[in-house]
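What follows is the content of start-v4.csv (CSV, C-alpha atoms and all ligand atoms).
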chain,number,residue,atom,x,y,z
H,4,MET,CA,-10.7,-12.0,15.6
H,5,GLU,CA,-12.7,-9.8,13.4
H,6,ARG,CA,-11.2,-8.8,10.1
H,7,ARG,CA,-10.2,-5.2,9.9
H,8,LEU,CA,-8.3,-5.0,6.6
H,9,ILE,CA,-9.1,-6.9,3.4
H,10,THR,CA,-6.8,-6.6,0.4
H,11,VAL,CA,-8.4,-7.2,-3.0
H,12,PRO,CA,-5.6,-7.4,-5.5
H,13,LEU,CA,-7.8,-7.7,-8.5
H,14,GLY,CA,-7.7,-4.3,-10.1
H,15,PRO,CA,-6.3,-3.4,-13.6
H,16,LEU,CA,-2.5,-3.9,-13.7
H,17,GLU,CA,-3.0,-6.0,-10.5
H,18,SER,CA,-3.8,-2.9,-8.4
H,19,ASN,CA,-4.8,-3.4,-4.8
H,20,MET,CA,-8.1,-2.3,-3.5
H,21,TYR,CA,-8.4,-2.3,0.3
H,22,LEU,CA,-11.5,-2.5,2.5
H,23,ILE,CA,-11.1,-1.2,6.0
H,24,THR,CA,-13.9,-2.5,8.1
H,25,GLY,CA,-14.5,-0.3,11.2
H,26,ASP,CA,-17.2,-0.6,13.8
H,27,THR,CA,-19.2,2.1,12.0
H,28,GLY,CA,-18.8,1.0,8.4
H,29,ILE,CA,-16.4,0.3,5.6
H,30,PHE,CA,-13.8,2.6,4.0
H,31,VAL,CA,-12.6,1.7,0.5
H,32,VAL,CA,-9.1,2.6,-0.5
H,33,ASP,CA,-8.9,2.9,-4.4
H,34,PRO,CA,-12.1,1.4,-5.8
H,35,SER,CA,-10.4,-0.5,-8.6
H,36,VAL,CA,-12.6,-3.6,-8.3
H,37,SER,CA,-16.3,-3.7,-8.8
H,38,PRO,CA,-18.6,-4.1,-5.8
H,39,GLU,CA,-19.9,-7.4,-7.2
H,40,ARG,CA,-16.4,-8.9,-7.6
H,41,ALA,CA,-15.4,-7.6,-4.2
H,42,GLU,CA,-18.5,-9.2,-2.6
H,43,GLU,CA,-17.5,-12.5,-4.0
H,44,TYR,CA,-13.8,-12.3,-3.2
H,45,CYS,CA,-14.3,-11.0,0.4
H,46,ASP,CA,-17.4,-13.0,1.2
H,47,LEU,CA,-19.3,-9.9,2.3
H,48,PRO,CA,-23.0,-10.6,1.4
H,49,GLY,CA,-24.9,-7.6,0.3
H,50,LEU,CA,-21.8,-5.5,-0.4
H,51,SER,CA,-22.8,-4.9,-4.0
H,52,LYS,CA,-26.4,-4.1,-3.1
H,53,GLY,CA,-25.6,-1.3,-0.8
H,54,GLU,CA,-26.2,-3.2,2.4
H,55,CYS,CA,-22.8,-2.9,4.1
H,56,HIS,CA,-22.6,0.8,4.9
H,57,VAL,CA,-19.6,2.0,2.9
H,58,ARG,CA,-18.8,5.3,4.5
H,59,ALA,CA,-16.2,6.7,2.1
H,60,LEU,CA,-14.0,6.1,-0.9
H,61,LEU,CA,-10.4,7.2,-0.4
H,62,LEU,CA,-8.6,7.8,-3.7
H,63,THR,CA,-4.8,7.8,-3.6
H,64,HIS,CA,-4.6,9.5,-7.1
H,65,GLY,CA,-6.5,9.8,-10.4
H,66,HIS,CA,-5.1,6.9,-12.4
H,67,HIS,CA,-7.7,4.6,-14.0
H,68,ASP,CA,-6.3,1.4,-12.5
H,69,HIS,CA,-7.1,2.8,-9.0
H,70,ILE,CA,-10.4,4.5,-9.6
H,71,LYS,CA,-12.0,2.3,-12.3
H,72,TYR,CA,-15.1,1.4,-10.4
H,73,VAL,CA,-15.7,4.7,-8.5
H,74,ASN,CA,-19.1,5.2,-10.2
H,75,GLU,CA,-20.3,1.7,-9.4
H,76,TRP,CA,-19.4,2.1,-5.7
H,77,GLN,CA,-21.1,5.5,-5.6
H,78,ASP,CA,-24.2,4.0,-7.3
H,79,ALA,CA,-24.4,1.3,-4.6
H,80,TYR,CA,-23.5,3.8,-1.8
H,81,PRO,CA,-24.7,7.3,-2.8
H,82,THR,CA,-24.1,8.8,0.7
H,83,ALA,CA,-20.4,7.6,0.7
H,84,LYS,CA,-18.0,10.5,0.6
H,85,ILE,CA,-15.2,10.5,-2.0
H,86,PHE,CA,-11.9,11.9,-0.9
H,87,PHE,CA,-9.6,13.0,-3.7
H,88,SER,CA,-7.1,15.8,-4.4
H,89,SER,CA,-8.0,18.4,-6.9
H,90,ASN,CA,-4.4,18.5,-7.9
H,91,ASP,CA,-5.2,15.4,-10.0
H,92,ARG,CA,-8.4,16.9,-11.5
H,93,ASP,CA,-6.9,17.2,-15.0
H,94,LEU,CA,-6.5,13.4,-15.0
H,95,LEU,CA,-10.3,12.8,-14.6
H,96,GLY,CA,-11.3,14.4,-17.8
H,97,ASN,CA,-8.6,13.0,-20.0
H,98,GLY,CA,-8.2,9.3,-20.9
H,99,TYR,CA,-4.6,9.7,-21.8
H,100,MET,CA,-3.7,11.4,-18.5
H,101,ASN,CA,-5.7,8.9,-16.4
H,102,CYS,CA,-4.1,6.1,-18.4
H,103,SER,CA,-7.4,4.4,-19.2
H,104,TYR,CA,-6.2,4.4,-22.8
H,105,MET,CA,-3.9,1.6,-21.8
H,106,GLU,CA,-6.9,-0.7,-21.6
H,107,GLY,CA,-7.9,0.2,-25.2
H,108,TYR,CA,-10.6,2.8,-24.4
H,109,GLU,CA,-10.7,6.2,-22.8
H,110,VAL,CA,-12.7,6.9,-19.6
H,111,ILE,CA,-13.8,10.4,-18.5
H,112,TYR,CA,-14.6,10.6,-14.8
H,113,ASP,CA,-17.0,13.2,-13.4
H,114,PHE,CA,-17.7,12.7,-9.8
H,115,LYS,CA,-18.1,15.1,-6.8
H,116,TYR,CA,-15.4,14.8,-4.2
H,117,SER,CA,-14.2,16.3,-0.9
H,118,ASN,CA,-10.9,18.0,-1.8
H,119,LEU,CA,-7.7,16.8,-0.1
H,120,ALA,CA,-5.5,19.5,-1.6
H,121,GLY,CA,-3.9,21.5,1.2
H,122,MET,CA,-5.0,19.1,3.9
H,123,TYR,CA,-1.5,17.7,4.7
H,124,GLY,CA,-1.5,16.0,8.1
H,125,GLN,CA,-5.2,16.6,8.8
H,126,ASN,CA,-7.8,14.2,10.0
H,127,LEU,CA,-10.6,13.1,7.7
H,128,VAL,CA,-12.1,10.9,10.4
H,129,LYS,CA,-11.4,10.8,14.1
H,130,GLU,CA,-13.5,8.4,16.1
H,131,GLU,CA,-13.1,6.0,19.0
H,132,ASP,CA,-12.1,3.0,16.9
H,133,ILE,CA,-10.7,4.6,13.7
H,134,SER,CA,-9.0,7.7,12.6
H,135,ILE,CA,-7.9,8.6,9.0
H,136,LYS,CA,-5.3,11.2,8.3
H,137,VAL,CA,-4.1,12.4,4.8
H,138,TYR,CA,-0.5,13.1,3.7
H,139,GLU,CA,-0.1,14.8,0.4
H,140,THR,CA,2.7,13.1,-1.4
H,141,PRO,CA,3.1,14.5,-5.0
H,142,GLY,CA,5.5,12.9,-7.5
H,143,HIS,CA,3.8,10.0,-9.1
H,144,THR,CA,1.1,12.5,-9.9
H,145,MET,CA,0.6,16.0,-8.7
H,146,GLY,CA,-2.4,15.0,-6.5
H,147,SER,CA,-1.0,11.7,-5.1
H,148,VAL,CA,-1.8,11.2,-1.4
H,149,CYS,CA,-1.2,8.6,1.3
H,150,PHE,CA,-3.8,7.8,3.9
H,151,LEU,CA,-2.7,7.0,7.5
H,152,VAL,CA,-5.4,4.8,9.1
H,153,THR,CA,-5.4,4.0,12.8
H,154,ILE,CA,-7.8,1.2,13.7
H,155,ASP,CA,-7.9,-0.3,17.2
H,156,GLY,CA,-4.5,1.3,17.8
H,157,GLU,CA,-2.9,-0.2,14.8
H,158,ASP,CA,-1.4,2.2,12.2
H,159,MET,CA,-1.5,1.5,8.4
H,160,LEU,CA,-0.3,3.7,5.6
H,161,PHE,CA,-1.9,3.3,2.2
H,162,THR,CA,0.6,4.6,-0.2
H,163,GLY,CA,-1.0,4.3,-3.6
H,164,ASP,CA,1.7,4.5,-6.3
H,165,THR,CA,4.0,6.6,-4.2
H,166,VAL,CA,5.8,3.8,-2.3
H,167,PHE,CA,6.0,0.1,-3.2
H,168,ARG,CA,8.0,-2.6,-1.4
H,169,GLY,CA,11.5,-1.9,-2.6
H,170,SER,CA,10.6,0.9,-5.0
H,171,VAL,CA,8.6,4.0,-5.8
H,172,GLY,CA,6.0,4.9,-8.4
H,173,ARG,CA,7.0,6.0,-11.9
H,174,THR,CA,7.3,9.7,-12.5
H,175,ASP,CA,7.4,9.8,-16.3
H,176,MET,CA,3.7,10.1,-16.8
H,177,PRO,CA,1.7,13.4,-17.1
H,178,GLY,CA,2.1,15.4,-13.8
H,179,GLY,CA,4.9,13.2,-12.6
H,180,SER,CA,8.1,14.6,-11.0
H,181,GLY,CA,11.1,12.7,-9.8
H,182,LYS,CA,12.1,15.6,-7.6
H,183,ASP,CA,8.7,15.7,-5.9
H,184,ILE,CA,8.5,12.0,-5.2
H,185,MET,CA,11.9,12.1,-3.5
H,186,LYS,CA,10.6,15.0,-1.3
H,187,SER,CA,7.5,12.9,-0.6
H,188,VAL,CA,9.6,9.8,0.3
H,189,LYS,CA,11.6,12.0,2.8
H,190,ARG,CA,8.4,13.2,4.4
H,191,ILE,CA,7.1,9.6,4.8
H,192,SER,CA,10.4,8.5,6.2
H,193,LYS,CA,9.8,10.7,9.3
H,194,LEU,CA,6.8,8.7,10.3
H,195,ASP,CA,7.0,5.8,12.8
H,196,PRO,CA,9.3,3.0,11.4
H,197,GLY,CA,6.9,0.4,12.8
H,198,LEU,CA,4.2,1.6,10.5
H,199,LYS,CA,2.7,-1.0,8.1
H,200,ILE,CA,2.7,0.0,4.5
H,201,TYR,CA,0.0,-1.0,2.0
H,202,PRO,CA,0.9,0.0,-1.6
H,203,GLY,CA,-1.3,0.3,-4.6
H,204,HIS,CA,0.4,-2.6,-6.3
H,205,GLY,CA,2.3,-5.6,-4.8
H,206,PRO,CA,2.9,-6.8,-1.3
H,207,ASP,CA,2.8,-4.9,2.0
H,208,SER,CA,5.8,-3.8,4.0
H,209,THR,CA,6.8,-1.7,7.0
H,210,LEU,CA,8.3,1.7,6.9
H,211,GLY,CA,11.3,0.4,8.8
H,212,ASP,CA,12.0,-2.2,6.1
H,213,GLU,CA,11.7,0.4,3.4
H,214,ILE,CA,14.1,2.8,5.2
H,215,ARG,CA,16.5,-0.1,5.3
H,216,PHE,CA,16.1,-1.8,2.0
H,217,ASN,CA,14.4,0.6,-0.5
H,218,PRO,CA,17.1,2.4,-2.4
H,219,PHE,CA,14.9,5.4,-2.9
H,220,PHE,CA,14.8,6.0,0.9
H,221,SER,CA,18.6,6.4,1.1
H,222,MET,CA,19.0,8.8,-1.9
H,301,FE,FE,-0.7,5.4,-10.8
Once more with this new file: its structure as structure tokens, please.
Amino acid sequence: MERRLITVPLGPLESNMYLITGDTGIFVVDPSVSPERAEEYCDLPGLSKGECHVRALLLTHGHHDHIKYVNEWQDAYPTAKIFFSSNDRDLLGNGYMNCSYMEGYEVIYDFKYSNLAGMYGQNLVKEEDISIKVYETPGHTMGSVCFLVTIDGEDMLFTGDTVFRGSVGRTDMPGGSGKDIMKSVKRISKLDPGLKIYPGHGPDSTLGDEIRFNPFFSM
């Protein structure tokens, strides 16, 4: 069977980058790994040379360990759209806020994006084989979002640093809010319990398992 989802767990702080391969091209969730390294890891010849038709980069939030290679992906695929919430715009221009300082240097990001702020529950893509919907889930950062991707009838929720298997993202960094992340968890818990969850770090899960075993879902 054709591969539809590839996890690339090679970003800084072991962040996960995901490649969703639809019939009409590839969507990248959190470009935290370079196109060259991803090409080698995924065995997708031509990926780094702009030959694979990457349609869009979906950014779950503005932390460096999730967006480190956004410029390299954009250089290889200049027509790819970047989806990002302007509620995290302050992180882009500040190496402390985007946490790049943790790697010993500060990175300032300056890219154009399609703004996700205010788009809760709306479709970014709606086509025969794939649809992508955005859910704003502030808490880890103000502009954190989750992406609900349906491909060939299978639903997958990419949660960034909002929900991990058994936990949630930290809220003690700039823009974080413990109160907001709990509200976001409540919103997510109303989705289909059979939903597969793909976090920004660590293993995947299902919403049903998180509702049962993740203590933050029963607070
Ligand atoms: Fe983060």
> What gap, in Å, lies between CA of Glu213 in chain H and CA of Ile200 in chain H?
Replying inline: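 Computing the Euclidean distance for CA of Glu213 in chain H and CA of Ile200 in chain H yields 9.1 Å.
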>> Quick check, in Å to one decimal: how far apart do CA of Leu22 in chain H and CA of Gly65 in chain H lie?
In response: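 Going from CA of Leu22 in chain H over to CA of Gly65 in chain H covers 18.5 Å.
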Using 9 Å as the limit and counting only C-alpha atoms and all ligand atoms, can you tabulate each residue of chain H that touches ligand FE 301 (chain H), with its shortest atom-to-atom distance in Å and the two atoms involved, as CSV?
residue,atom,partner,partner_atom,distance
H:Thr63,CA,H:FE301,FE,8.6
H:His64,CA,H:FE301,FE,6.8
H:Gly65,CA,H:FE301,FE,7.3
H:His66,CA,H:FE301,FE,4.9
H:His67,CA,H:FE301,FE,7.7
H:Asp68,CA,H:FE301,FE,7.1
H:His69,CA,H:FE301,FE,7.1
H:Asn101,CA,H:FE301,FE,8.3
H:Cys102,CA,H:FE301,FE,8.4
H:His143,CA,H:FE301,FE,6.7
H:Thr144,CA,H:FE301,FE,7.4
H:Ser147,CA,H:FE301,FE,8.5
H:Gly163,CA,H:FE301,FE,7.3
H:Asp164,CA,H:FE301,FE,5.2
H:Thr165,CA,H:FE301,FE,8.2
H:Gly172,CA,H:FE301,FE,7.1
H:Arg173,CA,H:FE301,FE,7.8
H:Met176,CA,H:FE301,FE,8.8
H:Gly203,CA,H:FE301,FE,8.1
>> List the spatial neighbours of range 111-116 of chain H as a PyMOL selection string - criterion: any atom at most 8 Å away, all atoms listed in the file, same-chain residues fewer than 4 positions off excluded.
In response: chain H and resi 74+84-87+95-98
>> I'd like to know which of H:Gly146, H:Ser170, H:Arg7, H:Ser208 is closest to Asp183 in chain H, using only C-alpha atoms.
In response: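 Among H:Gly146, H:Ser170, H:Arg7, H:Ser208, it is H:Gly146 that comes nearest to Asp183 in chain H.
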>> Residues within 12 Å of Ile214 in chain H, please, as a PyMOL selection string. Count all atoms listed in the file; anything in the same chain fewer than 3 positions from it doesn't count.
In response: chain H and resi 166-170+188-198+200+208-211+217-222
>> Rounded to one decimal, what separation in Å do you get between CA of Ile29 in chain H and CA of Glu54 in chain H?
In response: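 Separating CA of Ile29 in chain H from CA of Glu54 in chain H is a distance of 10.9 Å.
Shortest separation to Val31 in chain H among H:Gly124, H:Ser103, H:Val152, H:Glu130 occurs at residue H:Val152, atoms counted being only C-alpha atoms.
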> What lies within 6 Å of Tyr123 in chain H using only C-alpha atoms, ignoring chain neighbours under 3 positions off, as a list in words?
Replying inline: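 Counting only C-alpha atoms, the residues come to Val137, Tyr138 and Glu139 of chain H.
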>> So that I can see what lies close to Thr24 in chain H, please list as a list in words the residues with an atom at most 10 Å from it, counting all atoms listed in the file and leaving out residues fewer than 5 positions away in the same chain.
In response: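 The residues satisfying every condition are Glu5, Arg6, Arg7, Leu8, Ile9, Ile29, Phe30, Val31, Cys55, His56, Val57, Arg58, Ile133 and Ile154 of chain H.
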Write a file for range 64-97 of chain H, containing N, CA and C atoms (output as a JSON list (two decimals), in the first residue's frame).
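Once written, decode36.json looks like this:
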[["chain", "number", "residue", "atom", "x", "y", "z"],
["H", 64, "HIS", "N", 3.31, 25.82, 15.57],
["H", 64, "HIS", "CA", 3.60, 27.00, 16.40],
["H", 64, "HIS", "C", 4.99, 27.53, 16.04],
["H", 65, "GLY", "N", 5.41, 28.59, 16.72],
["H", 65, "GLY", "CA", 6.60, 29.31, 16.28],
["H", 65, "GLY", "C", 7.89, 28.95, 16.99],
["H", 66, "HIS", "N", 7.97, 27.81, 17.64],
["H", 66, "HIS", "CA", 9.22, 27.43, 18.30],
["H", 66, "HIS", "C", 10.22, 26.86, 17.29],
["H", 67, "HIS", "N", 11.49, 27.25, 17.51],
["H", 67, "HIS", "CA", 12.59, 26.91, 16.61],
["H", 67, "HIS", "C", 12.69, 25.41, 16.34],
["H", 68, "ASP", "N", 12.47, 24.58, 17.36],
["H", 68, "ASP", "CA", 12.63, 23.13, 17.14],
["H", 68, "ASP", "C", 11.55, 22.56, 16.22],
["H", 69, "HIS", "N", 10.57, 23.38, 15.83],
["H", 69, "HIS", "CA", 9.53, 22.94, 14.89],
["H", 69, "HIS", "C", 9.64, 23.60, 13.52],
["H", 70, "ILE", "N", 10.32, 24.75, 13.47],
["H", 70, "ILE", "CA", 10.34, 25.50, 12.20],
["H", 70, "ILE", "C", 11.75, 25.75, 11.69],
["H", 71, "LYS", "N", 12.73, 25.09, 12.27],
["H", 71, "LYS", "CA", 14.14, 25.39, 12.00],
["H", 71, "LYS", "C", 14.47, 25.49, 10.50],
["H", 72, "TYR", "N", 13.89, 24.62, 9.68],
["H", 72, "TYR", "CA", 14.27, 24.57, 8.26],
["H", 72, "TYR", "C", 13.20, 25.14, 7.33],
["H", 73, "VAL", "N", 12.36, 26.02, 7.86],
["H", 73, "VAL", "CA", 11.30, 26.59, 7.03],
["H", 73, "VAL", "C", 11.89, 27.30, 5.81],
["H", 74, "ASN", "N", 12.99, 28.02, 5.97],
["H", 74, "ASN", "CA", 13.58, 28.75, 4.83],
["H", 74, "ASN", "C", 14.11, 27.79, 3.76],
["H", 75, "GLU", "N", 14.75, 26.70, 4.20],
["H", 75, "GLU", "CA", 15.31, 25.73, 3.25],
["H", 75, "GLU", "C", 14.18, 25.07, 2.45],
["H", 76, "TRP", "N", 13.08, 24.73, 3.13],
["H", 76, "TRP", "CA", 11.94, 24.14, 2.41],
["H", 76, "TRP", "C", 11.34, 25.14, 1.43],
["H", 77, "GLN", "N", 11.27, 26.38, 1.86],
["H", 77, "GLN", "CA", 10.70, 27.39, 0.97],
["H", 77, "GLN", "C", 11.62, 27.65, -0.23],
["H", 78, "ASP", "N", 12.94, 27.59, 0.00],
["H", 78, "ASP", "CA", 13.87, 27.76, -1.12],
["H", 78, "ASP", "C", 13.67, 26.64, -2.15],
["H", 79, "ALA", "N", 13.48, 25.41, -1.66],
["H", 79, "ALA", "CA", 13.30, 24.28, -2.58],
["H", 79, "ALA", "C", 11.92, 24.30, -3.24],
["H", 80, "TYR", "N", 10.93, 24.84, -2.51],
["H", 80, "TYR", "CA", 9.54, 24.85, -3.01],
["H", 80, "TYR", "C", 8.94, 26.24, -2.85],
["H", 81, "PRO", "N", 9.36, 27.17, -3.71],
["H", 81, "PRO", "CA", 8.93, 28.57, -3.54],
["H", 81, "PRO", "C", 7.41, 28.78, -3.65],
["H", 82, "THR", "N", 6.70, 27.86, -4.30],
["H", 82, "THR", "CA", 5.25, 28.06, -4.43],
["H", 82, "THR", "C", 4.47, 27.43, -3.27],
["H", 83, "ALA", "N", 5.17, 26.72, -2.40],
["H", 83, "ALA", "CA", 4.47, 26.09, -1.26],
["H", 83, "ALA", "C", 3.96, 27.18, -0.32],
["H", 84, "LYS", "N", 2.72, 27.03, 0.09],
["H", 84, "LYS", "CA", 2.16, 27.98, 1.06],
["H", 84, "LYS", "C", 2.67, 27.65, 2.45],
["H", 85, "ILE", "N", 2.79, 28.66, 3.29],
["H", 85, "ILE", "CA", 3.13, 28.42, 4.70],
["H", 85, "ILE", "C", 1.92, 28.83, 5.53],
["H", 86, "PHE", "N", 1.41, 27.90, 6.32],
["H", 86, "PHE", "CA", 0.29, 28.20, 7.20],
["H", 86, "PHE", "C", 0.81, 28.36, 8.63],
["H", 87, "PHE", "N", 0.47, 29.48, 9.26],
["H", 87, "PHE", "CA", 1.02, 29.83, 10.56],
["H", 87, "PHE", "C", 0.07, 30.84, 11.21],
["H", 88, "SER", "N", -0.01, 30.81, 12.52],
["H", 88, "SER", "CA", -0.88, 31.76, 13.21],
["H", 88, "SER", "C", -0.12, 33.02, 13.60],
["H", 89, "SER", "N", -0.68, 34.16, 13.24],
["H", 89, "SER", "CA", -0.03, 35.44, 13.60],
["H", 89, "SER", "C", -0.01, 35.64, 15.12],
["H", 90, "ASN", "N", -0.76, 34.85, 15.85],
["H", 90, "ASN", "CA", -0.69, 34.98, 17.32],
["H", 90, "ASN", "C", 0.68, 34.56, 17.85],
["H", 91, "ASP", "N", 1.49, 33.91, 17.01],
["H", 91, "ASP", "CA", 2.87, 33.57, 17.39],
["H", 91, "ASP", "C", 3.90, 34.46, 16.67],
["H", 92, "ARG", "N", 3.45, 35.56, 16.09],
["H", 92, "ARG", "CA", 4.39, 36.37, 15.28],
["H", 92, "ARG", "C", 5.54, 36.93, 16.12],
["H", 93, "ASP", "N", 5.28, 37.23, 17.39],
["H", 93, "ASP", "CA", 6.36, 37.80, 18.21],
["H", 93, "ASP", "C", 7.52, 36.81, 18.40],
["H", 94, "LEU", "N", 7.22, 35.53, 18.27],
["H", 94, "LEU", "CA", 8.28, 34.52, 18.44],
["H", 94, "LEU", "C", 9.27, 34.56, 17.27],
["H", 95, "LEU", "N", 8.77, 34.90, 16.09],
["H", 95, "LEU", "CA", 9.61, 34.81, 14.89],
["H", 95, "LEU", "C", 10.81, 35.74, 14.96],
["H", 96, "GLY", "N", 10.61, 36.92, 15.50],
["H", 96, "GLY", "CA", 11.66, 37.93, 15.49],
["H", 96, "GLY", "C", 12.50, 37.97, 16.75],
["H", 97, "ASN", "N", 12.41, 36.94, 17.57],
["H", 97, "ASN", "CA", 13.08, 36.98, 18.87],
["H", 97, "ASN", "C", 13.63, 35.60, 19.23]]
